[in-house]
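Undergrad: Input structure: coords.txt, which contains compact mmCIF, C-alpha atoms and all ligand atoms.
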```txt
# COMPACT_ATOMS: atom_id res chain seq x y z
CA MET K 1 -31.42 100.65 69.24
CA SER K 2 -32.62 97.60 71.14
CA THR K 3 -30.38 94.76 69.91
CA ALA K 4 -28.49 92.79 72.57
CA VAL K 5 -25.00 94.05 73.37
CA ALA K 6 -22.16 91.63 72.71
CA GLY K 7 -20.01 90.60 75.70
CA LYS K 8 -17.59 93.36 76.67
CA GLY K 9 -14.53 93.12 74.42
CA LEU K 10 -16.69 91.06 71.99
CA GLU K 11 -16.10 88.01 74.22
CA GLY K 12 -17.59 84.88 72.70
CA ILE K 13 -18.72 86.67 69.53
CA VAL K 14 -18.17 84.85 66.25
CA ALA K 15 -17.34 87.62 63.77
CA ALA K 16 -16.28 85.76 60.61
CA ASN K 17 -16.21 82.46 58.77
CA SER K 18 -12.61 81.41 58.27
CA GLY K 19 -10.87 78.34 56.91
CA ILE K 20 -7.45 79.21 58.28
CA CYS K 21 -7.18 78.48 61.98
CA TYR K 22 -9.13 76.15 64.29
CA ILE K 23 -9.14 76.69 68.06
CA ASP K 24 -10.94 74.73 70.76
CA GLY K 25 -10.26 76.83 73.83
CA ASP K 26 -11.72 74.31 76.27
CA ALA K 27 -9.67 71.40 74.98
CA GLY K 28 -6.53 73.49 74.32
CA VAL K 29 -6.50 72.66 70.62
CA LEU K 30 -4.95 74.86 67.92
CA ALA K 31 -4.66 73.81 64.29
CA TYR K 32 -3.66 75.59 61.08
CA ARG K 33 -5.78 74.44 58.13
CA GLY K 34 -6.79 71.41 60.22
CA ILE K 35 -3.26 70.31 61.15
CA ASP K 36 -2.56 70.22 64.88
CA ILE K 37 -0.03 72.78 66.12
CA HIS K 38 1.87 70.04 67.99
CA GLU K 39 2.56 68.23 64.71
CA LEU K 40 3.55 71.45 62.99
CA ALA K 41 5.82 72.53 65.86
CA GLU K 42 7.65 69.20 65.84
CA ASN K 43 7.86 68.62 62.10
CA SER K 44 7.28 71.78 60.08
CA THR K 45 9.25 74.93 59.31
CA PHE K 46 8.12 78.55 59.14
CA GLU K 47 8.25 78.46 55.34
CA GLU K 48 6.18 75.27 55.07
CA THR K 49 3.70 76.56 57.65
CA THR K 50 3.35 79.86 55.77
CA TYR K 51 2.70 77.98 52.54
CA LEU K 52 0.04 75.98 54.38
CA LEU K 53 -1.62 79.11 55.76
CA TRP K 54 -1.63 80.85 52.38
CA ASN K 55 -2.58 77.89 50.18
CA GLY K 56 -4.65 75.68 52.46
CA ILE K 57 -2.56 72.55 51.82
CA LEU K 58 0.95 71.34 52.59
CA PRO K 59 3.38 71.84 49.71
CA ASN K 60 5.07 68.93 47.95
CA GLU K 61 8.87 68.98 47.74
CA PHE K 62 8.95 71.01 44.53
CA ALA K 63 6.36 73.56 45.70
CA LEU K 64 8.17 74.00 49.01
CA ARG K 65 11.52 74.59 47.32
CA GLU K 66 9.97 77.15 44.99
CA PHE K 67 8.19 78.87 47.88
CA GLN K 68 11.43 79.08 49.91
CA GLN K 69 13.22 80.54 46.89
CA GLN K 70 10.53 83.16 46.31
CA LEU K 71 10.59 84.22 49.95
CA ALA K 72 14.38 84.43 49.85
CA LEU K 73 14.30 86.45 46.61
CA ALA K 74 11.89 88.89 48.25
CA ARG K 75 14.66 89.82 50.74
CA GLN K 76 15.15 93.25 49.24
CA LEU K 77 14.67 96.58 50.89
CA ASP K 78 14.55 99.82 48.92
CA GLN K 79 17.45 102.07 49.92
CA ARG K 80 14.91 104.81 50.74
CA ILE K 81 13.48 102.54 53.47
CA VAL K 82 16.98 101.98 54.86
CA ASP K 83 17.51 105.77 54.81
CA LEU K 84 14.18 106.21 56.58
CA LEU K 85 15.30 103.75 59.30
CA LYS K 86 18.51 105.75 59.70
CA SER K 87 16.49 108.94 60.18
CA PHE K 88 14.56 107.70 63.22
CA PRO K 89 15.66 108.70 66.72
CA THR K 90 17.61 105.87 68.36
CA SER K 91 15.10 106.11 71.22
CA ALA K 92 12.38 104.77 68.89
CA THR K 93 11.44 101.24 69.86
CA PRO K 94 11.73 98.56 67.17
CA MET K 95 7.93 98.08 67.26
CA GLU K 96 7.31 101.79 66.59
CA VAL K 97 9.88 101.70 63.82
CA LEU K 98 8.33 98.59 62.29
CA ARG K 99 4.86 100.16 62.33
CA THR K 100 6.09 103.28 60.53
CA ALA K 101 8.42 101.52 58.07
CA VAL K 102 5.80 98.96 56.99
CA SER K 103 3.46 101.82 56.16
CA ALA K 104 6.19 103.39 53.99
CA LEU K 105 6.93 100.09 52.20
CA SER K 106 3.82 100.51 50.06
CA PHE K 107 5.38 103.48 48.20
CA TYR K 108 8.05 101.22 46.72
CA ASP K 109 5.99 98.10 46.02
CA ALA K 110 5.45 97.51 42.30
CA ASP K 111 1.87 96.45 43.03
CA GLU K 112 1.07 99.42 45.26
CA LYS K 113 -2.16 100.37 43.47
CA ASP K 114 -3.29 96.79 42.74
CA ASN K 115 -5.58 95.22 45.37
CA SER K 116 -6.23 92.00 43.42
CA HIS K 117 -5.75 88.54 44.94
CA ASP K 118 -2.56 87.85 42.95
CA ALA K 119 -1.04 91.24 43.73
CA ASN K 120 -1.76 90.76 47.43
CA VAL K 121 -0.07 87.35 47.37
CA ARG K 122 3.01 89.01 45.84
CA LYS K 123 2.86 91.73 48.46
CA ALA K 124 2.56 89.06 51.18
CA TYR K 125 5.89 87.53 50.07
CA ASN K 126 7.50 90.97 50.10
CA LEU K 127 6.09 91.93 53.49
CA THR K 128 7.14 88.63 55.05
CA ALA K 129 10.72 89.06 53.87
CA GLN K 130 10.86 92.81 54.52
CA ILE K 131 9.47 92.82 58.07
CA ALA K 132 12.31 90.54 59.22
CA MET K 133 14.85 92.71 57.40
CA ILE K 134 13.52 95.95 58.90
CA VAL K 135 13.76 94.57 62.44
CA ALA K 136 17.32 93.31 61.96
CA ILE K 137 18.56 96.37 60.07
CA TYR K 138 17.08 98.89 62.52
CA ASP K 139 18.69 97.04 65.43
CA ARG K 140 22.09 97.31 63.74
CA ILE K 141 21.56 100.97 62.88
CA ARG K 142 20.63 101.94 66.44
CA LYS K 143 23.69 100.12 67.76
CA GLY K 144 25.96 101.88 65.26
CA LYS K 145 26.84 98.59 63.55
CA GLU K 146 27.19 97.94 59.84
CA ILE K 147 24.14 96.59 58.02
CA ILE K 148 24.42 92.92 57.08
CA PRO K 149 23.10 91.99 53.62
CA PRO K 150 20.59 89.13 53.50
CA ASP K 151 21.82 85.58 52.87
CA ARG K 152 19.36 83.95 50.47
CA SER K 153 20.73 80.47 51.21
CA LEU K 154 19.40 80.69 54.77
CA SER K 155 15.89 80.05 56.06
CA HIS K 156 13.63 82.91 57.21
CA ALA K 157 14.71 82.28 60.83
CA GLY K 158 18.38 81.74 59.96
CA ASN K 159 18.57 84.85 57.78
CA PHE K 160 16.98 86.99 60.49
CA LEU K 161 19.59 85.85 63.05
CA TRP K 162 22.35 86.36 60.48
CA MET K 163 21.24 89.90 59.66
CA LEU K 164 20.76 90.68 63.36
CA ASN K 165 24.06 89.34 64.68
CA GLY K 166 26.36 89.37 61.66
CA GLU K 167 27.44 85.79 62.28
CA LYS K 168 26.12 82.49 61.02
CA PRO K 169 23.58 81.27 63.59
CA SER K 170 23.99 77.89 65.30
CA GLU K 171 21.66 75.09 64.31
CA THR K 172 20.09 75.21 67.79
CA ALA K 173 19.38 78.94 67.58
CA THR K 174 17.91 78.62 64.08
CA ARG K 175 15.75 75.64 64.97
CA THR K 176 14.54 77.26 68.19
CA LEU K 177 13.56 80.48 66.46
CA ASP K 178 12.03 78.61 63.55
CA MET K 179 9.83 76.60 65.92
CA ALA K 180 8.82 79.79 67.74
CA LEU K 181 7.85 81.30 64.38
CA VAL K 182 5.71 78.26 63.53
CA LEU K 183 3.96 78.60 66.91
CA HIS K 184 3.24 82.32 66.43
CA ALA K 185 2.22 82.25 62.76
CA ASP K 186 -1.55 82.47 63.20
CA HIS K 187 -4.22 82.55 65.86
CA GLU K 188 -7.65 83.07 64.35
CA LEU K 189 -9.33 86.40 65.21
CA ASN K 190 -6.84 87.69 67.76
CA ALA K 191 -6.85 91.49 68.17
CA SER K 192 -4.22 92.27 65.53
CA THR K 193 -5.68 89.92 62.92
CA PHE K 194 -9.16 91.28 63.53
CA ALA K 195 -7.78 94.81 63.11
CA ALA K 196 -6.16 93.75 59.82
CA ARG K 197 -9.43 92.25 58.57
CA VAL K 198 -11.44 95.34 59.51
CA ILE K 199 -9.02 97.55 57.57
CA ALA K 200 -8.88 95.18 54.57
CA ALA K 201 -12.68 95.02 54.47
CA THR K 202 -12.89 98.73 53.66
CA LEU K 203 -10.96 97.83 50.46
CA SER K 204 -7.96 99.73 51.73
CA ASP K 205 -4.57 98.21 50.86
CA ILE K 206 -2.68 95.34 52.52
CA HIS K 207 0.08 97.66 53.81
CA SER K 208 -2.55 99.66 55.72
CA ALA K 209 -4.01 96.44 57.13
CA ILE K 210 -0.61 95.15 58.28
CA THR K 211 0.37 98.56 59.70
CA GLY K 212 -2.83 98.52 61.77
CA ALA K 213 -2.15 94.95 62.85
CA ILE K 214 1.36 95.87 64.02
CA GLY K 215 -0.13 98.71 66.07
CA ALA K 216 -2.53 96.27 67.72
CA LEU K 217 0.14 93.63 68.35
CA LYS K 218 2.33 96.18 70.11
CA GLY K 219 -0.05 96.55 73.08
CA PRO K 220 0.87 94.82 76.37
CA LEU K 221 -2.42 92.92 76.47
CA HIS K 222 -1.50 91.29 73.14
CA GLY K 223 1.96 90.68 71.62
CA GLY K 224 3.65 93.26 73.81
CA ALA K 225 3.22 90.93 76.79
CA ASN K 226 6.38 88.92 75.98
CA GLU K 227 8.53 91.99 76.66
CA GLY K 228 6.61 92.61 79.91
CA VAL K 229 7.39 89.05 81.06
CA MET K 230 11.14 89.55 80.64
CA ARG K 231 11.05 92.93 82.36
CA LEU K 232 9.33 91.22 85.28
CA LEU K 233 11.95 88.44 85.44
CA LEU K 234 14.74 91.01 85.34
CA ALA K 235 13.10 93.10 88.08
CA ILE K 236 12.78 90.03 90.31
CA ASP K 237 16.39 89.11 89.63
CA LYS K 238 17.64 92.63 90.31
CA ALA K 239 15.69 92.83 93.58
CA GLY K 240 17.07 89.41 94.60
CA SER K 241 13.51 88.44 95.52
CA ASP K 242 11.82 85.12 95.62
CA PRO K 243 9.81 84.97 92.36
CA VAL K 244 6.69 83.63 94.05
CA ASP K 245 6.71 86.30 96.78
CA TYR K 246 7.24 88.96 94.14
CA VAL K 247 4.24 87.98 92.01
CA LYS K 248 2.13 87.38 95.14
CA ASN K 249 2.68 91.02 96.03
CA MET K 250 1.85 92.12 92.53
CA LEU K 251 -1.39 90.20 92.62
CA LEU K 252 -2.23 91.67 96.04
CA ALA K 253 -1.71 95.09 94.46
CA LYS K 254 -4.19 94.00 91.73
CA GLN K 255 -1.51 94.04 89.05
CA LYS K 256 -1.64 91.69 86.10
CA ILE K 257 1.16 89.24 85.49
CA MET K 258 2.15 89.41 81.84
CA GLY K 259 2.13 86.10 79.99
CA PHE K 260 -0.85 84.64 81.88
CA GLY K 261 -4.50 84.34 80.98
CA HIS K 262 -6.19 84.13 77.63
CA ARG K 263 -9.55 85.14 76.23
CA VAL K 264 -10.05 81.83 74.43
CA TYR K 265 -7.99 79.12 76.18
CA LYS K 266 -9.51 77.85 79.38
CA THR K 267 -6.73 75.30 79.70
CA GLU K 268 -3.06 75.25 78.72
CA ASP K 269 -2.24 77.28 75.62
CA PRO K 270 -0.83 74.51 73.37
CA ARG K 271 1.90 76.88 72.16
CA ALA K 272 3.15 77.38 75.72
CA THR K 273 3.79 73.62 76.01
CA HIS K 274 6.51 73.85 73.33
CA LEU K 275 7.92 77.17 74.45
CA ARG K 276 8.26 75.85 78.02
CA ARG K 277 10.17 72.84 76.74
CA MET K 278 12.41 75.04 74.57
CA SER K 279 13.08 77.45 77.40
CA GLU K 280 14.03 74.58 79.74
CA LYS K 281 16.31 72.87 77.22
CA LEU K 282 18.04 76.08 76.14
CA GLY K 283 18.52 77.09 79.78
CA LYS K 284 20.12 73.73 80.63
CA ASP K 285 22.26 73.54 77.48
CA SER K 286 23.52 77.10 77.85
CA GLY K 287 24.25 76.75 81.56
CA THR K 288 21.79 79.58 82.38
CA PRO K 289 18.73 77.79 83.74
CA LYS K 290 17.87 80.81 85.92
CA TRP K 291 15.23 82.38 83.65
CA TYR K 292 13.46 79.08 83.09
CA ASP K 293 13.58 78.19 86.78
CA MET K 294 12.10 81.55 87.80
CA SER K 295 9.43 81.27 85.13
CA ARG K 296 8.48 77.76 86.18
CA ALA K 297 8.17 78.76 89.85
CA ILE K 298 5.89 81.67 88.89
CA GLU K 299 3.83 79.49 86.58
CA LEU K 300 3.22 76.78 89.19
CA TYR K 301 2.13 79.39 91.73
CA ILE K 302 -0.20 81.25 89.37
CA ASN K 303 -1.68 78.00 88.05
CA GLN K 304 -2.51 76.94 91.57
CA ASP K 305 -3.44 80.22 93.18
CA LYS K 306 -5.16 82.11 90.34
CA LYS K 307 -6.14 79.16 88.14
CA LEU K 308 -4.54 81.02 85.23
CA ASN K 309 -2.39 79.34 82.57
CA ALA K 310 0.71 80.61 80.85
CA ASN K 311 0.03 81.86 77.33
CA VAL K 312 2.30 81.96 74.26
CA ASP K 313 4.14 85.02 75.57
CA PHE K 314 5.26 83.63 78.92
CA TYR K 315 8.01 81.20 77.93
CA SER K 316 8.93 83.00 74.72
CA ALA K 317 10.52 85.62 77.01
CA SER K 318 13.02 83.27 78.70
CA THR K 319 13.58 81.47 75.37
CA TYR K 320 14.57 84.66 73.53
CA GLN K 321 16.58 85.90 76.53
CA THR K 322 18.64 82.71 76.51
CA LEU K 323 19.19 83.14 72.76
CA GLY K 324 20.72 86.55 73.60
CA ILE K 325 18.01 88.61 71.90
CA ASP K 326 17.28 92.15 73.18
CA ILE K 327 13.98 92.50 75.02
CA ASP K 328 12.46 95.10 72.73
CA LEU K 329 12.90 92.74 69.79
CA TYR K 330 10.58 90.08 71.27
CA THR K 331 7.36 91.65 69.96
CA PRO K 332 8.87 92.45 66.55
CA ILE K 333 9.87 88.76 66.34
CA PHE K 334 6.21 87.91 67.00
CA ALA K 335 5.36 90.21 64.04
CA LEU K 336 7.89 88.64 61.73
CA SER K 337 6.03 85.37 62.19
CA ARG K 338 2.44 86.64 62.49
CA ILE K 339 2.71 88.40 59.11
CA ALA K 340 2.02 84.91 57.71
CA GLY K 341 -1.36 84.77 59.44
CA TRP K 342 -2.21 88.44 58.88
CA ALA K 343 -1.62 88.08 55.15
CA ALA K 344 -3.67 84.87 54.98
CA HIS K 345 -6.57 86.60 56.75
CA VAL K 346 -6.44 89.77 54.65
CA ILE K 347 -6.51 87.70 51.46
CA GLU K 348 -9.32 85.48 52.78
CA GLN K 349 -11.31 88.58 53.77
CA LEU K 350 -10.91 90.14 50.32
CA ASP K 351 -11.80 86.92 48.52
CA ASP K 352 -15.33 87.17 49.94
CA ASN K 353 -15.53 90.69 51.25
CA ARG K 354 -18.18 92.65 53.05
CA LEU K 355 -17.52 95.83 55.05
CA ILE K 356 -17.15 95.07 58.78
CA ARG K 357 -19.31 97.61 60.54
CA PRO K 358 -20.91 96.63 63.86
CA ARG K 359 -23.18 98.87 65.95
CA ALA K 360 -22.84 100.37 69.43
CA ASP K 361 -25.64 100.45 71.95
CA TYR K 362 -26.06 104.15 72.68
CA ILE K 363 -25.75 105.00 76.40
CA GLY K 364 -25.07 108.76 76.11
CA PRO K 365 -27.28 111.76 77.06
CA GLU K 366 -30.96 111.43 76.30
CA TYR K 367 -32.09 112.01 72.72
CA PRO K 368 -33.29 114.56 71.82
CA SER K 369 -31.28 116.93 73.98
CA PRO K 370 -31.57 120.62 73.08
CA TRP K 371 -28.76 122.68 71.59
CA ILE K 372 -28.23 125.59 74.02
CA PRO K 373 -26.97 128.91 72.67
CA LEU K 374 -23.40 129.74 73.81
CA GLU K 375 -24.42 132.72 75.97
CA GLU K 376 -26.92 130.60 77.90
CA ARG K 377 -24.46 127.80 78.84
N1 LIG M 1 -2.68 88.38 85.85
C1 LIG M 1 -3.53 88.53 86.87
N2 LIG M 1 -4.85 88.39 86.75
C2 LIG M 1 -5.34 88.11 85.54
C3 LIG M 1 -4.51 87.95 84.43
C4 LIG M 1 -3.13 88.09 84.61
N3 LIG M 1 -2.29 87.94 83.60
N4 LIG M 1 -5.26 87.66 83.35
C5 LIG M 1 -6.53 87.65 83.76
N5 LIG M 1 -6.58 87.93 85.08
C6 LIG M 1 -7.78 88.02 85.91
C7 LIG M 1 -8.39 89.41 85.74
O1 LIG M 1 -7.87 90.32 86.65
C8 LIG M 1 -9.84 89.12 85.91
O2 LIG M 1 -10.09 88.95 87.28
P1 LIG M 1 -11.45 89.55 87.94
O3 LIG M 1 -12.57 88.83 87.24
O4 LIG M 1 -11.29 89.22 89.38
O5 LIG M 1 -11.44 91.02 87.64
C9 LIG M 1 -10.02 87.75 85.27
O6 LIG M 1 -8.75 87.10 85.38
C10 LIG M 1 -10.43 87.82 83.82
O7 LIG M 1 -9.47 88.62 83.12
P2 LIG M 1 -9.77 89.60 81.93
O8 LIG M 1 -8.68 90.58 81.82
O9 LIG M 1 -11.17 90.13 82.03
O10 LIG M 1 -9.73 88.55 80.72
P3 LIG M 1 -9.75 88.91 79.21
O11 LIG M 1 -10.26 87.74 78.51
O12 LIG M 1 -10.43 90.23 78.99
O13 LIG M 1 -8.21 89.18 78.90
C11 LIG M 1 -5.94 88.84 78.60
C12 LIG M 1 -7.33 88.26 78.40
C13 LIG M 1 -5.89 90.26 78.02
C14 LIG M 1 -4.95 87.98 77.84
C15 LIG M 1 -5.62 88.87 80.10
O14 LIG M 1 -5.56 87.56 80.60
C16 LIG M 1 -4.33 89.61 80.39
O15 LIG M 1 -4.34 90.84 80.55
N6 LIG M 1 -3.18 88.88 80.48
C17 LIG M 1 -1.90 89.54 80.63
C18 LIG M 1 -1.40 90.07 79.30
C19 LIG M 1 -1.00 88.97 78.36
O16 LIG M 1 -0.31 88.04 78.72
N7 LIG M 1 -1.39 89.13 77.09
C20 LIG M 1 -1.03 88.19 76.02
C21 LIG M 1 -2.20 87.35 75.60
S1 LIG M 1 -1.77 86.16 74.37
C22 LIG M 1 -1.55 87.10 73.01
O17 LIG M 1 -2.21 88.06 72.76
C23 LIG M 1 -0.50 86.74 72.10
```
Hey, can you dump this file as structure tokens for me?
TA:
Amino acid sequence: MSTAVAGKGLEGIVAANSGICYIDGDAGVLAYRGIDIHELAENSTFEETTYLLWNGILPNEFALREFQQQLALARQLDQRIVDLLKSFPTSATPMEVLRTAVSALSFYDADEKDNSHDANVRKAYNLTAQIAMIVAIYDRIRKGKEIIPPDRSLSHAGNFLWMLNGEKPSETATRTLDMALVLHADHELNASTFAARVIAATLSDIHSAITGAIGALKGPLHGGANEGVMRLLLAIDKAGSDPVDYVKNMLLAKQKIMGFGHRVYKTEDPRATHLRRMSEKLGKDSGTPKWYDMSRAIELYINQDKKLNANVDFYSASTYQTLGIDIDLYTPIFALSRIAGWAAHVIEQLDDNRLIRPRADYIGPEYPSPWIPLEER
């Protein structure tokens, strides 16, 4: 085959038409359905943003109320899924558990065998509600705590914190998490969304697509980076080192610093702007500015020395840490927001589908090579 090879890792390749998410990586612009992420972060909620991603327009008051109610009503988990969660080894990470449990959810979905647009919208509601429940319930199970039933009067963010901690979350915690969920809800053809679209395009089911997406998100080069950031901050703290000296040594050893760099943004990731602000404010208000201060020192150094910018994962680590959330829940929290974008992309793909099947440029042994009988090898 003599066609030109795409950049390694498909860099710069446009692989789909999409009306969901606009990114200008040079200008640091991100918009959902044309609305700038800064406006959404300041003014919207996860529910409103999800409606926007799924429907292409902002809801009016009535539509928003109905949407919130439907999402809240979808907070139901079949007992057999809860039993499945109880059967996992407590050493299983929440991301592994989420991947496996989401796959199993399809067995108990009334629309399991229906891959129509309307059925997939219904399944998107269910998955959005259920992913948050699975993360919270598994965390309680592994800690030997009682399972907290969902509170349908709370928002998606508020209910997650309620089911996780068993106490009504503060307004600050709910608003902080809600804003983080808005910021993480979609990001065009990132690795996990692309994986979801590839799976959906075979006309497989939405649960398979989301299971694949969760597997992709888990990797440290993608959503798993937020956990890596916190592990780095903790290691620096434990060693009592100067954060800048610590990362300097890592860079000298050719190690990557999690939470920096991005395939598309060549300037500040607009989501990091808000997460930095949240991390700083939470740190000050809670009297634990340490994680923000360390993060900021590292960021300034890496900006200057490596010309790399913080991405969405960098300040989400110190933000979640200050909210008292366990490290291995950071990536699942990413998933409980990104399900909004994954579902929007799967549905968009199926509305105008064609199998996604690129080619590889063959660089193996010369063709034709002879088959050699076993005794002559
Ligand atoms: N730390 C140190 N050096 C880095 C980093 C980093 N975080 N990111 C990029 N670089 C360097 C690379 O070593 C490479 O240098 P070289 O040309 O001298 O070899 C150069 O910058 C280009 O980096 P690539 O890895 O080729 O860039 P790519 O576009 O393939 O990768 C990625 C982007 C995966 C995000 C990368 O920057 C990275 O590994 N970052 C750390 C992991 C991370 O934070 N991932 C989350 C991304 S956001 C998200 O998915 C939600």
Undergrad: Please, which residues have at least one atom within 9 Å of an atom of ligand LIG 1 (chain M), using all atoms listed in the file, listed as a VMD selection string?
TA: chain K and resid 8 to 9 11 184 187 190 to 192 217 219 to 226 228 to 229 250 to 251 254 to 264 269 302 306 to 314 334
Undergrad: Might you pull out every residue within 8 Å of segment 108-112 of chain K, with all atoms listed in the file counted and same-chain residues fewer than 3 positions away left off, and present them as a list in words?
TA: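 So, after excluding close chain neighbours, the residues are Asp78, Ala104, Leu105, Asn115, Ala119 and Lys123 of chain K.
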Undergrad: When you draw a straight line from atom CA of Glu39 of chain K to atom CA of Ile298 of chain K, how long is it in Å?
TA: 27.9 Å
Undergrad: Could you check how far atom CA of Leu85 of chain K sits from atom CA of Ile199 of chain K, in Å to one decimal?
TA: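 Separation of atom CA of Leu85 of chain K and atom CA of Ile199 of chain K: 25.2 Å.
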Undergrad: What does the distance between atom CA of Arg197 of chain K and atom CA of Ala317 of chain K come to in Å, to one decimal place?
TA: 28.0 Å
Undergrad: Name all residues at most 9 Å from Met179 of chain K (count all atoms listed in the file; drop same-chain ones fewer than 5 positions away) and give them as an MDAnalysis selection string.
TA: chainID K and resid 40:42 44:46 174 184 274:275
Undergrad: Measuring between only C-alpha atoms, which one of K:Ser116, K:Asn43, K:Ser208, K:Gln130 shows the shortest distance to Val82 of chain K?
TA: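 Comparing K:Ser116, K:Asn43, K:Ser208, K:Gln130 against Val82 of chain K, the winner is K:Gln130.
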Undergrad: Which residue is closest to Gly12 of chain K? Choose from K:Ile325, K:Ile35, K:Leu189, K:Ala340 and count only C-alpha atoms.
TA: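 Going through K:Ile325, K:Ile35, K:Leu189, K:Ala340 one by one, the smallest distance to Gly12 of chain K is for K:Leu189.
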Undergrad: Applying 8 Å and only C-alpha atoms, which residues near segment 345-362 of chain K remain after dropping the ones on its own chain fewer than 2 positions away? List them as a ChimeraX atom specification.
TA: /K:1-3,5,18,20,117,120-121,193,196-198,200-203,206,209,341-343,364
Undergrad: Quick one: residues within 8 Å of Leu52 of chain K, all atoms listed in the file counted, chain neighbours fewer than 6 positions away excluded, as a ChimeraX atom specification?
TA: /K:32-33,58-59
Undergrad: Between K:Ile137, K:Ala31, K:Lys238, K:Ala72, which has the minimum distance to Gly158 of chain K (counting only C-alpha atoms)?
TA: K:Ala72
Undergrad: List the spatial neighbours of Ile333 of chain K as an NGL selection string - criterion: any atom at most 9 Å away, all atoms listed in the file, same-chain residues fewer than 3 positions off excluded.
TA: :K and (132 or 135 or 181 or 329-330 or 336-338)
Undergrad: Using only C-alpha atoms, which residue out of K:Leu164, K:Leu64, K:Leu84, K:Ile131 lies closest to Leu98 of chain K?
TA: K:Ile131
Undergrad: Quick one: residues within 10 Å of (20.0, 84.8, 56.6) (file frame), counting all atoms listed in the file, please, as a list in words.
TA: Ala72, Arg75, Ala132, Met133, Ile148, Pro149, Pro150, Asp151, Arg152, Ser153, Leu154, Ser155, His156, Ala157, Gly158, Asn159, Phe160, Leu161, Trp162, Met163, Leu164, Gly166, Glu167, Lys168, Pro169 and Thr174 of chain K
Undergrad: Which is closer to Gln79 of chain K than all the others in K:Asp293, K:Ile147, K:Asp285, K:Pro94, using all atoms listed in the file?
TA: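 Nearest candidate to Gln79 of chain K out of K:Asp293, K:Ile147, K:Asp285, K:Pro94: K:Ile147.
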Undergrad: Output segment 112-127 of chain K with N, CA and C atoms present, as an mmCIF file, keeping the file's coordinate frame.
TA:
```
data_model
loop_
_atom_site.group_PDB
_atom_site.id
_atom_site.type_symbol
_atom_site.label_atom_id
_atom_site.label_comp_id
_atom_site.auth_asym_id
_atom_site.auth_seq_id
_atom_site.Cartn_x
_atom_site.Cartn_y
_atom_site.Cartn_z
ATOM 1 N N GLU K 112 1.687 98.532 44.266
ATOM 2 C CA GLU K 112 1.070 99.420 45.260
ATOM 3 C C GLU K 112 -0.421 99.664 45.005
ATOM 4 N N LYS K 113 -0.782 99.954 43.754
ATOM 5 C CA LYS K 113 -2.160 100.370 43.470
ATOM 6 C C LYS K 113 -3.078 99.190 43.110
ATOM 7 N N ASP K 114 -2.536 97.973 43.173
ATOM 8 C CA ASP K 114 -3.290 96.790 42.740
ATOM 9 C C ASP K 114 -3.749 95.999 43.973
ATOM 10 N N ASN K 115 -5.065 95.924 44.181
ATOM 11 C CA ASN K 115 -5.580 95.220 45.370
ATOM 12 C C ASN K 115 -6.162 93.860 44.984
ATOM 13 N N SER K 116 -5.702 93.305 43.850
ATOM 14 C CA SER K 116 -6.230 92.000 43.420
ATOM 15 C C SER K 116 -5.623 90.880 44.269
ATOM 16 N N HIS K 117 -6.233 89.707 44.187
ATOM 17 C CA HIS K 117 -5.750 88.540 44.940
ATOM 18 C C HIS K 117 -4.270 88.279 44.625
ATOM 19 N N ASP K 118 -3.943 88.205 43.321
ATOM 20 C CA ASP K 118 -2.560 87.850 42.950
ATOM 21 C C ASP K 118 -1.556 88.904 43.415
ATOM 22 N N ALA K 119 -1.948 90.173 43.294
ATOM 23 C CA ALA K 119 -1.040 91.240 43.730
ATOM 24 C C ALA K 119 -0.841 91.164 45.249
ATOM 25 N N ASN K 120 -1.895 90.843 45.969
ATOM 26 C CA ASN K 120 -1.760 90.760 47.430
ATOM 27 C C ASN K 120 -0.908 89.568 47.842
ATOM 28 N N VAL K 121 -0.961 88.484 47.076
ATOM 29 C CA VAL K 121 -0.070 87.350 47.370
ATOM 30 C C VAL K 121 1.383 87.808 47.168
ATOM 31 N N ARG K 122 1.628 88.520 46.066
ATOM 32 C CA ARG K 122 3.010 89.010 45.840
ATOM 33 C C ARG K 122 3.430 89.942 46.969
ATOM 34 N N LYS K 123 2.516 90.790 47.388
ATOM 35 C CA LYS K 123 2.860 91.730 48.460
ATOM 36 C C LYS K 123 3.082 90.978 49.791
ATOM 37 N N ALA K 124 2.377 89.856 49.947
ATOM 38 C CA ALA K 124 2.560 89.060 51.180
ATOM 39 C C ALA K 124 3.979 88.485 51.236
ATOM 40 N N TYR K 125 4.489 88.006 50.106
ATOM 41 C CA TYR K 125 5.890 87.530 50.070
ATOM 42 C C TYR K 125 6.822 88.672 50.480
ATOM 43 N N ASN K 126 6.606 89.839 49.827
ATOM 44 C CA ASN K 126 7.500 90.970 50.100
ATOM 45 C C ASN K 126 7.450 91.361 51.574
ATOM 46 N N LEU K 127 6.228 91.498 52.092
ATOM 47 C CA LEU K 127 6.090 91.930 53.490
ATOM 48 C C LEU K 127 6.735 90.941 54.446
#
```
